[in-house]
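Written out below as structure tokens is the structure these notes cover.
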Amino acid sequence: MAIKSKNKIDASFSMSSMSDLVFLLLIFFMITSTLISPNALKLLLPNSNAQTASKTHTTISITKDLLFYVEDVPLDINTIEAYLQKKLSGQAEPVVSLHVDQSVPMQEVVKVMNIAYKNKYKLILATSPE
């Protein structure tokens, strides 16, 4: 009479819990990466305690060399207005974030502010926290 053991050890590994964890991490990183809007230009922004968080439709950057960028596209100051009108044409209340280096003269900032004022864009000046 053969005696069989009822305590057989199953050597298989269930991957279902591991795959659930991987998918949750994937979804988490996909959602958090869309919340970050990196500025590819290295600017030394002015400091301020007052911070406003708003959903911006585009960004305008002015470097210390007085080069103008709309997002990552280098433009001349004379072509920025037409480019923004084309880019923001379907938006109900467009919001533009202005990133300006500390050493840029105020006159250059006012040029961009005038473009936003003429086209009724809401303009937010980006600053670094103190």
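All residue names refer to the structure tokens as shown: chains lettered A, B, ... in order, residues numbered from 1 in each chain, ligands numbered from 1 in order.
Look at stretch 54-58 of chain A: the protein and nucleic acid residues within 8 Å of it, using only C-alpha atoms and passing over chain neighbours fewer than 4 places away, are Val70, Glu71, Leu88, Pro94, Val95, Val96 and Ser97 of chain A.
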Report, in Å with one decimal, the straight-line distance from atom CA of A:Pro105 to atom CA of A:Asn78.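 The value is 17.5 Å.
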Shell around A:Leu98 at 7 Å using only C-alpha atoms, local window under 3 positions removed, as a ChimeraX atom specification: /A:59-61,123-126
Name the residues in contact with A:Tyr69 at a cut-off of 10 Å, using only C-alpha atoms, excluding same-chain residues fewer than 3 positions from it; report them as a ChimeraX atom specification. /A:41,59-63,66,72-77,80,99
DSSP-assigned strand (DSSP E) members of stretch 3-128 of chain A, reported as a PyMOL selection string: chain A and resi 47-48+58-62+68-70+73-75+95-100+122-125+128
For the selection you just gave me, I'd like the residues written to a file as a PDB file, in the first residue's frame, keeping C-alpha atoms.
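And here's out36.pdb as it stands now:
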ATOM      1  CA  ASN A  47      12.347  86.026  -6.330  1.00  0.00           C
ATOM      2  CA  SER A  48       8.907  86.594  -4.842  1.00  0.00           C
ATOM      3  CA  THR A  58       1.864  78.614 -23.395  1.00  0.00           C
ATOM      4  CA  THR A  59       5.062  80.169 -22.069  1.00  0.00           C
ATOM      5  CA  ILE A  60       7.210  83.027 -23.303  1.00  0.00           C
ATOM      6  CA  SER A  61      10.834  83.144 -22.178  1.00  0.00           C
ATOM      7  CA  ILE A  62      13.349  85.958 -22.442  1.00  0.00           C
ATOM      8  CA  PHE A  68      12.733  85.417 -27.150  1.00  0.00           C
ATOM      9  CA  TYR A  69      11.231  81.912 -27.036  1.00  0.00           C
ATOM     10  CA  VAL A  70       7.622  80.769 -27.187  1.00  0.00           C
ATOM     11  CA  VAL A  73      10.656  77.953 -30.455  1.00  0.00           C
ATOM     12  CA  PRO A  74      13.064  80.895 -30.875  1.00  0.00           C
ATOM     13  CA  LEU A  75      11.262  83.930 -32.314  1.00  0.00           C
ATOM     14  CA  VAL A  95      -3.160  82.353 -20.113  1.00  0.00           C
ATOM     15  CA  VAL A  96       0.490  83.053 -20.958  1.00  0.00           C
ATOM     16  CA  SER A  97       3.322  82.494 -18.489  1.00  0.00           C
ATOM     17  CA  LEU A  98       6.218  84.934 -18.866  1.00  0.00           C
ATOM     18  CA  HIS A  99       9.653  83.623 -17.797  1.00  0.00           C
ATOM     19  CA  VAL A 100      12.228  86.421 -17.706  1.00  0.00           C
ATOM     20  CA  LYS A 122      -3.932  86.862 -19.210  1.00  0.00           C
ATOM     21  CA  LEU A 123      -0.231  87.197 -18.394  1.00  0.00           C
ATOM     22  CA  ILE A 124       1.497  85.611 -15.408  1.00  0.00           C
ATOM     23  CA  LEU A 125       5.070  86.567 -14.510  1.00  0.00           C
ATOM     24  CA  SER A 128      11.216  81.745  -7.961  1.00  0.00           C
TER      25      SER A 128
END
Best match for closeness to A:Val104 among A:Leu25, A:Ala82, A:Leu67, A:Ile9, counting only C-alpha atoms: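 For A:Val104, the nearest of the given residues is A:Leu67.
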